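Coordinates as given in protein30.cif (mmCIF, C-alpha atoms):
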data_model
loop_
_atom_site.label_atom_id
_atom_site.label_comp_id
_atom_site.auth_asym_id
_atom_site.auth_seq_id
_atom_site.Cartn_x
_atom_site.Cartn_y
_atom_site.Cartn_z
CA MET A 166 -80.76 -15.49 -68.52
CA ALA A 167 -80.20 -17.61 -65.41
CA ARG A 168 -76.63 -18.80 -64.89
CA ALA A 169 -75.55 -21.78 -62.83
CA GLN A 170 -74.08 -20.93 -59.44
CA GLY A 171 -72.56 -23.34 -56.98
CA ALA A 172 -74.23 -21.52 -54.10
CA ARG A 173 -77.63 -22.66 -55.39
CA ALA A 174 -76.64 -26.25 -56.09
CA GLN A 175 -78.31 -29.05 -54.17
CA MET A 176 -77.83 -32.77 -53.62
CA ALA A 177 -80.21 -35.55 -52.65
CA LEU A 178 -79.38 -39.19 -51.87
CA ALA A 179 -81.37 -42.41 -51.60
CA TYR A 180 -80.41 -46.07 -51.31
CA GLU A 181 -81.42 -48.33 -54.18
CA THR A 182 -83.37 -51.57 -53.93
CA VAL A 183 -82.22 -52.63 -57.39
CA TYR A 184 -78.74 -51.66 -58.56
CA GLY A 185 -78.88 -48.86 -61.11
CA THR A 186 -82.60 -48.13 -60.60
CA PRO A 187 -83.37 -44.84 -58.79
CA PRO A 188 -86.12 -45.26 -56.20
CA LEU A 189 -89.33 -43.29 -56.56
CA SER A 190 -89.05 -41.91 -53.01
CA GLY A 191 -86.87 -41.97 -49.92
CA PHE A 192 -84.41 -39.23 -50.90
CA THR A 193 -82.68 -37.12 -48.25
CA LYS A 194 -81.15 -33.68 -48.80
CA MET A 195 -77.40 -33.93 -48.22
CA PRO A 196 -74.93 -31.24 -47.19
CA PHE A 197 -71.85 -31.04 -49.40
CA ALA A 198 -69.02 -28.62 -50.15
CA SER A 199 -68.14 -29.65 -53.70
CA THR A 200 -68.55 -32.50 -56.13
CA SER A 201 -66.89 -33.75 -59.31
CA LEU A 202 -69.43 -36.54 -59.79
CA GLY A 203 -70.19 -36.79 -63.49
CA SER A 204 -70.41 -38.93 -66.57
CA GLU A 205 -68.16 -38.78 -69.60
CA GLN A 206 -67.94 -40.60 -72.91
CA PRO A 207 -64.74 -40.04 -74.88
CA LEU A 208 -64.47 -40.09 -78.65
CA LEU A 209 -62.20 -42.46 -80.57
CA ASN A 210 -60.38 -41.10 -83.58
CA SER A 211 -60.96 -42.95 -86.83
CA GLU A 212 -57.98 -45.05 -87.92
CA LEU A 213 -59.22 -45.65 -91.47
CA LEU A 214 -57.14 -44.67 -94.46
CA GLY A 215 -57.96 -43.91 -98.07
CA TYR A 216 -60.39 -41.04 -97.53
CA GLY A 217 -57.97 -38.15 -97.90
CA ARG A 218 -56.20 -36.06 -95.28
CA ASP A 219 -59.36 -34.97 -93.49
CA PRO A 220 -60.35 -37.51 -90.82
CA LEU A 221 -63.60 -39.43 -90.72
CA ALA A 222 -66.12 -38.93 -87.92
CA PRO A 223 -65.03 -40.20 -84.49
CA ILE A 224 -66.70 -43.13 -82.71
CA LYS A 225 -68.16 -42.98 -79.20
CA ASP A 226 -66.36 -45.05 -76.53
CA ALA A 227 -67.71 -46.58 -73.29
CA VAL A 228 -69.39 -44.43 -70.64
CA THR A 229 -67.53 -43.67 -67.40
CA ALA A 230 -69.45 -42.26 -64.43
CA ASP A 231 -67.59 -41.48 -61.23
CA GLY A 232 -66.24 -38.63 -59.13
CA ASP A 233 -65.69 -37.24 -55.65
CA VAL A 234 -68.04 -35.59 -53.17
CA MET A 235 -66.61 -33.45 -50.38
CA VAL A 236 -68.89 -33.62 -47.35
CA PRO A 237 -68.78 -32.32 -43.77
CA ILE A 238 -68.16 -34.81 -41.01
CA ASP A 239 -71.26 -34.27 -38.91
CA ALA A 240 -73.41 -36.18 -36.45
CA GLU A 241 -76.25 -37.17 -38.82
CA ALA A 242 -75.61 -36.94 -42.56
CA PHE A 243 -72.17 -38.56 -42.33
CA GLY A 244 -73.90 -41.81 -41.37
CA PHE A 245 -75.15 -42.16 -44.95
CA TRP A 246 -71.56 -42.16 -46.22
CA LEU A 247 -70.45 -44.58 -43.50
CA LYS A 248 -73.20 -46.99 -44.55
CA ALA A 249 -72.05 -46.64 -48.16
CA ALA A 250 -68.47 -47.45 -47.07
CA PHE A 251 -69.13 -50.33 -44.66
CA GLY A 252 -72.67 -51.58 -45.22
CA ASP A 253 -75.57 -51.71 -42.79
CA PRO A 254 -74.70 -50.73 -39.21
CA ILE A 255 -75.57 -52.49 -35.98
CA THR A 256 -77.88 -50.04 -34.20
CA SER A 257 -78.70 -50.05 -30.50
CA GLY A 258 -80.20 -47.67 -27.95
CA VAL A 259 -83.53 -45.87 -27.68
CA GLY A 260 -82.40 -42.33 -28.36
CA PRO A 261 -79.67 -41.37 -28.62
CA TYR A 262 -78.92 -44.27 -30.94
CA THR A 263 -75.54 -45.93 -31.38
CA HIS A 264 -74.73 -46.98 -34.94
CA GLU A 265 -71.73 -49.30 -35.29
CA PHE A 266 -70.32 -49.68 -38.78
CA ARG A 267 -67.89 -52.59 -39.17
CA SER A 268 -65.37 -53.31 -41.88
CA GLY A 269 -65.32 -56.61 -43.73
CA SER A 270 -68.81 -56.72 -45.27
CA TRP A 271 -69.02 -58.15 -48.78
CA THR A 272 -72.35 -56.40 -49.41
CA LEU A 273 -72.31 -52.65 -50.00
CA PRO A 274 -75.44 -50.64 -50.77
CA SER A 275 -75.82 -48.77 -54.04
CA MET A 276 -77.18 -45.25 -54.09
CA SER A 277 -78.90 -42.83 -56.41
CA ILE A 278 -77.56 -39.31 -56.07
CA GLU A 279 -79.14 -36.29 -57.74
CA THR A 280 -77.26 -33.02 -58.13
CA GLY A 281 -79.41 -30.09 -59.14
CA MET A 282 -78.89 -26.62 -60.54
CA PRO A 283 -82.50 -25.32 -60.50
CA GLU A 284 -81.73 -21.98 -62.12
CA VAL A 285 -80.67 -23.57 -65.44
CA PRO A 286 -82.59 -25.95 -64.86
CA ARG A 287 -80.47 -29.11 -64.82
CA PHE A 288 -80.95 -32.12 -62.57
CA ALA A 289 -78.45 -34.97 -62.97
CA MET A 290 -79.38 -38.34 -61.48
CA TYR A 291 -76.44 -40.69 -60.93
CA SER A 292 -77.66 -44.23 -60.39
CA GLY A 293 -75.73 -47.25 -59.20
CA CYS A 294 -73.36 -45.20 -57.03
CA VAL A 295 -71.06 -47.35 -54.88
CA LEU A 296 -68.47 -45.88 -52.53
CA ASP A 297 -64.92 -46.70 -53.51
CA GLN A 298 -62.95 -44.61 -51.01
CA LEU A 299 -63.54 -42.43 -47.95
CA SER A 300 -60.76 -40.19 -46.62
CA TRP A 301 -60.23 -37.23 -44.32
CA GLN A 302 -57.51 -35.34 -42.48
CA VAL A 303 -57.03 -34.66 -38.77
CA GLN A 304 -55.36 -31.39 -37.86
CA ARG A 305 -55.42 -28.60 -35.29
CA SER A 306 -57.63 -26.10 -37.12
CA GLY A 307 -59.71 -25.65 -40.25
CA LEU A 308 -62.92 -27.22 -41.50
CA LEU A 309 -63.40 -30.95 -40.90
CA THR A 310 -64.47 -32.52 -44.19
CA ALA A 311 -64.26 -35.95 -45.81
CA THR A 312 -63.96 -36.92 -49.46
CA ALA A 313 -66.14 -39.75 -50.75
CA ARG A 314 -65.01 -41.26 -54.06
CA LEU A 315 -67.84 -42.90 -55.96
CA VAL A 316 -68.23 -45.24 -58.91
CA ALA A 317 -71.60 -44.88 -60.65
CA GLN A 318 -73.33 -46.80 -63.41
CA GLY A 319 -74.73 -43.89 -65.37
CA GLU A 320 -76.16 -40.40 -65.56
CA THR A 321 -79.64 -39.20 -66.52
CA ILE A 322 -80.29 -35.50 -67.19
CA ALA A 323 -83.69 -33.87 -66.64
CA ILE A 324 -85.11 -30.36 -66.30
CA THR A 325 -87.14 -31.28 -63.21
CA THR A 326 -86.09 -33.05 -60.05
CA SER A 327 -86.80 -36.74 -59.55
CA ALA A 328 -86.09 -36.55 -55.81
CA GLY A 329 -89.26 -34.66 -54.91
CA THR A 330 -88.93 -32.45 -51.83
CA PRO A 331 -86.44 -34.40 -49.70
CA PRO A 332 -86.32 -33.83 -45.93
CA GLU A 333 -83.40 -31.88 -44.57
CA LEU A 334 -81.27 -33.20 -41.72
CA GLY A 335 -80.17 -31.10 -38.79
CA LEU A 336 -76.54 -30.10 -39.30
CA LYS A 337 -74.49 -30.90 -36.20
CA ARG A 338 -70.99 -30.50 -37.52
CA PHE A 339 -67.85 -31.77 -35.82
CA GLY A 340 -64.75 -29.63 -35.81
CA HIS A 341 -61.07 -30.35 -35.37
CA PHE A 342 -61.40 -28.72 -31.96
CA ASN A 343 -63.71 -31.59 -30.90
CA GLY A 344 -61.18 -34.26 -31.89
CA ALA A 345 -58.85 -36.49 -29.92
CA ILE A 346 -56.46 -39.33 -30.82
CA SER A 347 -55.69 -42.27 -28.56
CA ARG A 348 -53.36 -45.26 -28.80
CA ASN A 349 -54.36 -48.44 -26.98
CA GLY A 350 -56.84 -46.42 -24.94
CA THR A 351 -54.35 -43.73 -23.89
CA ALA A 352 -54.23 -40.22 -25.35
CA LEU A 353 -51.58 -39.96 -28.04
CA GLY A 354 -49.65 -36.73 -27.60
CA ASN A 355 -47.45 -34.63 -29.86
CA VAL A 356 -49.55 -35.38 -32.98
CA VAL A 357 -49.28 -32.58 -35.54
CA SER A 358 -51.57 -34.04 -38.19
CA ALA A 359 -53.02 -37.31 -39.41
CA GLU A 360 -54.65 -38.74 -42.52
CA ILE A 361 -57.10 -41.64 -42.86
CA THR A 362 -58.05 -43.39 -46.11
CA TYR A 363 -60.42 -46.35 -46.29
CA ALA A 364 -60.73 -47.99 -49.72
CA ASN A 365 -63.12 -50.71 -50.88
CA ASN A 366 -61.03 -51.17 -54.04
CA LEU A 367 -64.07 -51.66 -56.25
CA ASP A 368 -63.87 -53.96 -59.24
CA ARG A 369 -65.94 -52.53 -62.11
CA ILE A 370 -67.93 -55.20 -63.97
CA GLU A 371 -67.30 -54.02 -67.51
CA THR A 372 -69.51 -56.34 -69.52
CA ILE A 373 -70.58 -55.72 -73.12
CA ARG A 374 -73.79 -53.69 -73.16
CA SER A 375 -75.60 -51.65 -75.77
CA ASP A 376 -75.61 -48.57 -73.51
CA GLY A 377 -71.88 -48.73 -72.68
CA LYS A 378 -72.51 -48.79 -68.91
CA ILE A 379 -70.97 -51.10 -66.32
CA ASP A 380 -72.94 -53.98 -64.82
CA GLY A 381 -71.84 -53.25 -61.28
CA ALA A 382 -68.97 -52.47 -58.93
CA ASP A 383 -67.97 -55.24 -56.52
CA PRO A 384 -65.77 -54.72 -53.45
CA SER A 385 -62.46 -56.58 -53.36
CA ILE A 386 -59.83 -56.67 -50.58
CA ALA A 387 -60.23 -53.48 -48.58
CA ALA A 388 -57.37 -51.21 -47.54
CA LEU A 389 -57.01 -48.82 -44.64
CA THR A 390 -53.96 -46.59 -44.69
CA GLY A 391 -52.91 -43.21 -43.45
CA ARG A 392 -50.22 -40.98 -42.08
CA ILE A 393 -49.39 -39.67 -38.63
CA GLU A 394 -46.99 -36.78 -38.19
CA VAL A 395 -45.71 -36.26 -34.66
CA ARG A 396 -43.26 -34.03 -32.82
CA PHE A 397 -40.42 -36.33 -31.83
CA ALA A 398 -40.67 -36.35 -28.03
CA ASP A 399 -40.32 -40.04 -27.13
CA SER A 400 -39.58 -43.39 -28.77
CA THR A 401 -42.97 -45.07 -28.22
CA LEU A 402 -44.01 -45.16 -31.87
CA VAL A 403 -40.49 -45.77 -33.14
CA THR A 404 -40.08 -48.72 -30.79
CA GLN A 405 -43.38 -50.16 -31.98
CA ALA A 406 -42.28 -49.76 -35.59
CA ILE A 407 -38.97 -51.53 -34.91
CA ASN A 408 -40.65 -54.38 -33.04
CA GLY A 409 -43.33 -54.79 -35.70
CA ASP A 410 -46.18 -54.97 -33.18
CA PRO A 411 -49.63 -53.55 -33.98
CA CYS A 412 -51.53 -51.06 -31.85
CA GLU A 413 -55.09 -49.77 -31.73
CA ILE A 414 -55.60 -46.12 -32.69
CA SER A 415 -58.88 -44.23 -32.26
CA PHE A 416 -59.92 -40.89 -33.74
CA ALA A 417 -62.82 -39.45 -31.74
CA TYR A 418 -65.03 -36.36 -32.01
CA VAL A 419 -67.55 -35.38 -29.35
CA LEU A 420 -70.04 -32.48 -29.33
CA PRO A 421 -71.43 -30.87 -26.17
CA SER A 422 -74.85 -32.25 -27.17
CA GLY A 423 -73.53 -35.79 -26.67
CA ASP A 424 -73.38 -36.66 -30.37
CA SER A 425 -70.10 -38.34 -31.23
CA PHE A 426 -68.14 -40.06 -33.96
CA THR A 427 -65.35 -42.51 -33.19
CA PHE A 428 -63.24 -44.26 -35.79
CA THR A 429 -61.19 -47.08 -34.31
CA VAL A 430 -58.47 -48.88 -36.24
CA HIS A 431 -57.90 -52.13 -34.37
CA ALA A 432 -54.51 -53.20 -35.75
CA VAL A 433 -52.19 -50.44 -36.95
CA TYR A 434 -48.73 -51.31 -38.21
CA LEU A 435 -46.08 -48.60 -38.36
CA PRO A 436 -43.05 -48.46 -40.65
CA ARG A 437 -39.68 -47.47 -39.28
CA PRO A 438 -39.39 -43.75 -40.10
CA ARG A 439 -36.44 -41.61 -41.04
CA ILE A 440 -35.73 -39.12 -38.24
CA GLU A 441 -34.33 -35.97 -39.84
CA ILE A 442 -32.95 -32.83 -38.20
CA SER A 443 -33.70 -30.22 -40.85
CA GLY A 444 -33.03 -27.06 -38.84
CA PRO A 445 -33.28 -25.34 -35.47
CA GLN A 446 -37.02 -26.00 -35.17
CA GLY A 447 -38.57 -29.05 -33.52
CA VAL A 448 -37.87 -32.49 -34.96
CA GLN A 449 -40.85 -34.29 -36.50
CA ALA A 450 -41.39 -37.89 -37.56
CA THR A 451 -43.86 -39.18 -40.14
CA PHE A 452 -45.37 -42.66 -40.01
CA ASP A 453 -47.16 -43.96 -43.13
CA TRP A 454 -49.23 -46.59 -41.34
CA GLN A 455 -51.20 -49.56 -42.61
CA ALA A 456 -54.05 -51.44 -40.97
CA ALA A 457 -54.91 -55.12 -41.05
CA LYS A 458 -57.48 -57.49 -39.58
CA ALA A 459 -57.07 -57.71 -35.82
CA THR A 460 -57.39 -60.78 -33.65
CA SER A 461 -59.96 -59.30 -31.28
CA PRO A 462 -62.23 -57.97 -32.58
CA ALA A 463 -61.75 -59.92 -35.79
CA ARG A 464 -61.98 -56.95 -38.13
CA MET A 465 -59.89 -54.05 -39.33
CA CYS A 466 -61.87 -51.05 -38.09
CA THR A 467 -65.09 -49.86 -36.48
CA ALA A 468 -66.86 -46.54 -37.00
CA THR A 469 -69.30 -45.62 -34.22
CA LEU A 470 -71.77 -42.78 -34.67
CA ILE A 471 -74.04 -41.68 -31.80
CA ASN A 472 -76.94 -39.40 -32.73
CA ASP A 473 -80.74 -39.03 -32.80
CA ILE A 474 -81.25 -40.87 -36.10
CA GLU A 475 -83.20 -44.08 -35.46
CA ALA A 476 -81.96 -46.01 -38.50
CA TYR A 477 -79.92 -45.62 -41.68
#

As structure tokens:
Amino acid sequence: MARAQGARAQMALAYETVYGTPPLSGFTKMPFASTSLGSEQPLLNSELLGYGRDPLAPIKDAVTADGDVMVPIDAEAFGFWLKAAFGDPITSGVGPYTHEFRSGSWTLPSMSIETGMPEVPRFAMYSGCVLDQLSWQVQRSGLLTATARLVAQGETIAITTSAGTPPELGLKRFGHFNGAISRNGTALGNVVSAEITYANNLDRIETIRSDGKIDGADPSIAALTGRIEVRFADSTLVTQAINGDPCEISFAYVLPSGDSFTFTVHAVYLPRPRIEISGPQGVQATFDWQAAKATSPARMCTATLINDIEAY
């Protein structure tokens, strides 16, 4: 008997033309580390009395389909998740191509994502997937991955794949070693770690339907937050926090091949931190920052991906 193994799992992704309707073609094989994407339908206990001590049969509640996908931050496949987070990019160049994803779009694409366990066999198609949140950490070592939180409309189970034989992208993975952080165009030193979280704050359209699914997931006011932990060596960030002025912070990754990913937050506001001396080791300060719409450019952030992909 074949048993499901994560090592044999696979994932394919395609953008939808009609929300909630998986396309017949156009799927791409996606690299991923783990996923909790799934559909669940809880049961409601019967509240009726007069039938003895044994309860009556439960009633099915509404369907909820959502979950996280942990993906590598790489030069090609990560562009699919950036498009899901920000909408269509502005692409320029003739190879390599520069894809600029800008915050502020009211239109986000929906996706169909199929996860497969061929040895069972079980192929789960999640339609109407919209990206709610994208987050990752910046540190000195370890694997560089991002977590994409998705809201889906529903799940369809089959014993054969509906994605066909999707093409496989070349994996050009960024590492923490390739990363750099700058503030207002100047390298920001003494950074121990950082966190970035972009949220579309989706509003689920929970209308009354016979199938219990949602009608859609619309983006509301976005949020971009994070944390920077630094060795306390100067008062630059503390002074900014006290004055209440914003700054521009960029997180950049560059490969020797020339492929790069740069995430620029145009207006970062820092809170005044508590500076603690907890022992003989170095003193560190933590800033839980927030971003807002900048004056120039008139947006909150820009994600720039340079690679050999002509279009997303």

Counting only C-alpha atoms, which of A:Leu308, A:Leu470, A:Ile322, A:Leu202 gets nearest to Thr229 in chain A?
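That would be A:Leu202, the residue with the smallest distance to Thr229 in chain A.
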
What separation in Å, quoted to one decimal, exists between CA of Lys378 in chain A and CA of Leu247 in chain A?
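Straight-line distance from CA of Lys378 in chain A to CA of Leu247 in chain A works out to 25.8 Å.
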
Using the chain letters and residue numbers of this document, give as a ChimeraX atom specification the residues selected by the PyMOL selection byres ((chain A and resi 171) around 12).
/A:168-170,172-176,197-200,280-285

Residues as selected, C-alpha atoms, written as an mmCIF file, in the frame of the given file, can you do that?
data_model
loop_
_atom_site.group_PDB
_atom_site.id
_atom_site.type_symbol
_atom_site.label_atom_id
_atom_site.label_comp_id
_atom_site.auth_asym_id
_atom_site.auth_seq_id
_atom_site.Cartn_x
_atom_site.Cartn_y
_atom_site.Cartn_z
ATOM 1 C CA ARG A 168 -76.630 -18.800 -64.890
ATOM 2 C CA ALA A 169 -75.550 -21.780 -62.830
ATOM 3 C CA GLN A 170 -74.080 -20.930 -59.440
ATOM 4 C CA ALA A 172 -74.230 -21.520 -54.100
ATOM 5 C CA ARG A 173 -77.630 -22.660 -55.390
ATOM 6 C CA ALA A 174 -76.640 -26.250 -56.090
ATOM 7 C CA GLN A 175 -78.310 -29.050 -54.170
ATOM 8 C CA MET A 176 -77.830 -32.770 -53.620
ATOM 9 C CA PHE A 197 -71.850 -31.040 -49.400
ATOM 10 C CA ALA A 198 -69.020 -28.620 -50.150
ATOM 11 C CA SER A 199 -68.140 -29.650 -53.700
ATOM 12 C CA THR A 200 -68.550 -32.500 -56.130
ATOM 13 C CA THR A 280 -77.260 -33.020 -58.130
ATOM 14 C CA GLY A 281 -79.410 -30.090 -59.140
ATOM 15 C CA MET A 282 -78.890 -26.620 -60.540
ATOM 16 C CA PRO A 283 -82.500 -25.320 -60.500
ATOM 17 C CA GLU A 284 -81.730 -21.980 -62.120
ATOM 18 C CA VAL A 285 -80.670 -23.570 -65.440
#

Please, what distance in Å, to one decimal, runs between CA of Val236 in chain A and CA of Cys412 in chain A?
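Computing the Euclidean distance for CA of Val236 in chain A and CA of Cys412 in chain A yields 29.1 Å.
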
Separation of CA of Gly191 in chain A from CA of Gly423 in chain A in Å
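Between CA of Gly423 in chain A and CA of Gly191 in chain A the gap works out to 27.5 Å.
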
Quick one: everything within 8 Å of range 263-271 of chain A, counting all atoms listed in the file, minus sequence neighbours fewer than 3 positions away in the same chain. Send it as a list in words.
Leu247, Lys248, Phe251, Gly252, Asp253, Pro254, Ile255, Thr256, Ser257, Gly258, Pro384, Ala387, Arg464, Met465, Cys466, Thr467, Ala468, Thr469, Leu470, Ile471 and Asn472 of chain A

Selection dump of the PyMOL selection byres ((chain A and resi 394) around 12), as a ChimeraX atom specification
/A:302-304,353-360,391-393,395-398,402,435,438-440,448-454

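With distances taken from (-84.0, -30.1, -44.3) and restricted to only C-alpha atoms, the residues inside 12 Å are A:Gln175, A:Met176, A:Ala177, A:Phe192, A:Thr193, A:Lys194, A:Met195, A:Pro196, A:Glu241, A:Ala242, A:Thr330, A:Pro331, A:Pro332, A:Glu333, A:Leu334, A:Gly335, A:Leu336.
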
Could you tell me, as a list in words, exactly which residues end up selected when the PyMOL selection byres ((chain A and resi 260) around 8) is applied to this structure?
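This file, filtered by the PyMOL selection byres ((chain A and resi 260) around 8), leaves Gly258, Val259, Pro261, Tyr262, Asn472, Asp473, Ile474 and Glu475 of chain A.
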
For the residues in the current selection, export C-alpha atoms as a PDB file, keeping the file's coordinate frame.
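This went into again-v7.pdb:
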ATOM      1  CA  GLY A 258     -80.200 -47.670 -27.950  1.00  0.00           C
ATOM      2  CA  VAL A 259     -83.530 -45.870 -27.680  1.00  0.00           C
ATOM      3  CA  PRO A 261     -79.670 -41.370 -28.620  1.00  0.00           C
ATOM      4  CA  TYR A 262     -78.920 -44.270 -30.940  1.00  0.00           C
ATOM      5  CA  ASN A 472     -76.940 -39.400 -32.730  1.00  0.00           C
ATOM      6  CA  ASP A 473     -80.740 -39.030 -32.800  1.00  0.00           C
ATOM      7  CA  ILE A 474     -81.250 -40.870 -36.100  1.00  0.00           C
ATOM      8  CA  GLU A 475     -83.200 -44.080 -35.460  1.00  0.00           C
TER       9      GLU A 475
END

Have a look at A:Ala222, A:Leu209, A:Val183, A:Val228 and name the one nearest to Gly377 in chain A; count only C-alpha atoms.
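Comparing A:Ala222, A:Leu209, A:Val183, A:Val228 against Gly377 in chain A, the winner is A:Val228.
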
Test item: which residues lie within 7 Å of (-79.3, -50.8, -53.8) counting only C-alpha atoms, as number ranges by chain
A: 180-184, 274-276

Considering only C-alpha atoms, can you say which of A:Ala249, A:Ala459, A:Leu420, A:Leu299 comes closest to Tyr434 in chain A?
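Smallest distance to Tyr434 in chain A is found for A:Ala459.
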
Counting all atoms listed in the file, the residue of A:Pro286, A:Gly244, A:Gly185, A:Pro421 that sits nearest Thr325 in chain A
A:Pro286

Gly293 in chain A: which residues within 12 Å, counting all atoms listed in the file, same-chain residues fewer than 3 positions away excluded, as a ChimeraX atom specification?
/A:178-188,230-231,249,273-279,290,296,315-321,369,378-383

For Pro223 in chain A, work out the shell of residues within 6 Å, counting all atoms listed in the file and skipping chain neighbours fewer than 5 positions away, then give it as a PDB file with C-alpha atoms, in the coordinates of the input.
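Here's the written file part.pdb:
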ATOM      1  CA  LEU A 208     -64.470 -40.090 -78.650  1.00  0.00           C
ATOM      2  CA  LEU A 209     -62.200 -42.460 -80.570  1.00  0.00           C
ATOM      3  CA  ASN A 210     -60.380 -41.100 -83.580  1.00  0.00           C
ATOM      4  CA  SER A 211     -60.960 -42.950 -86.830  1.00  0.00           C
TER       5      SER A 211
END

For Ser306 in chain A, which of A:Asn349, A:Thr326, A:Ser190, A:Asn343 is the closest residue, counting all atoms listed in the file?
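Checking each candidate against Ser306 in chain A, we get A:Asn343 as the closest.
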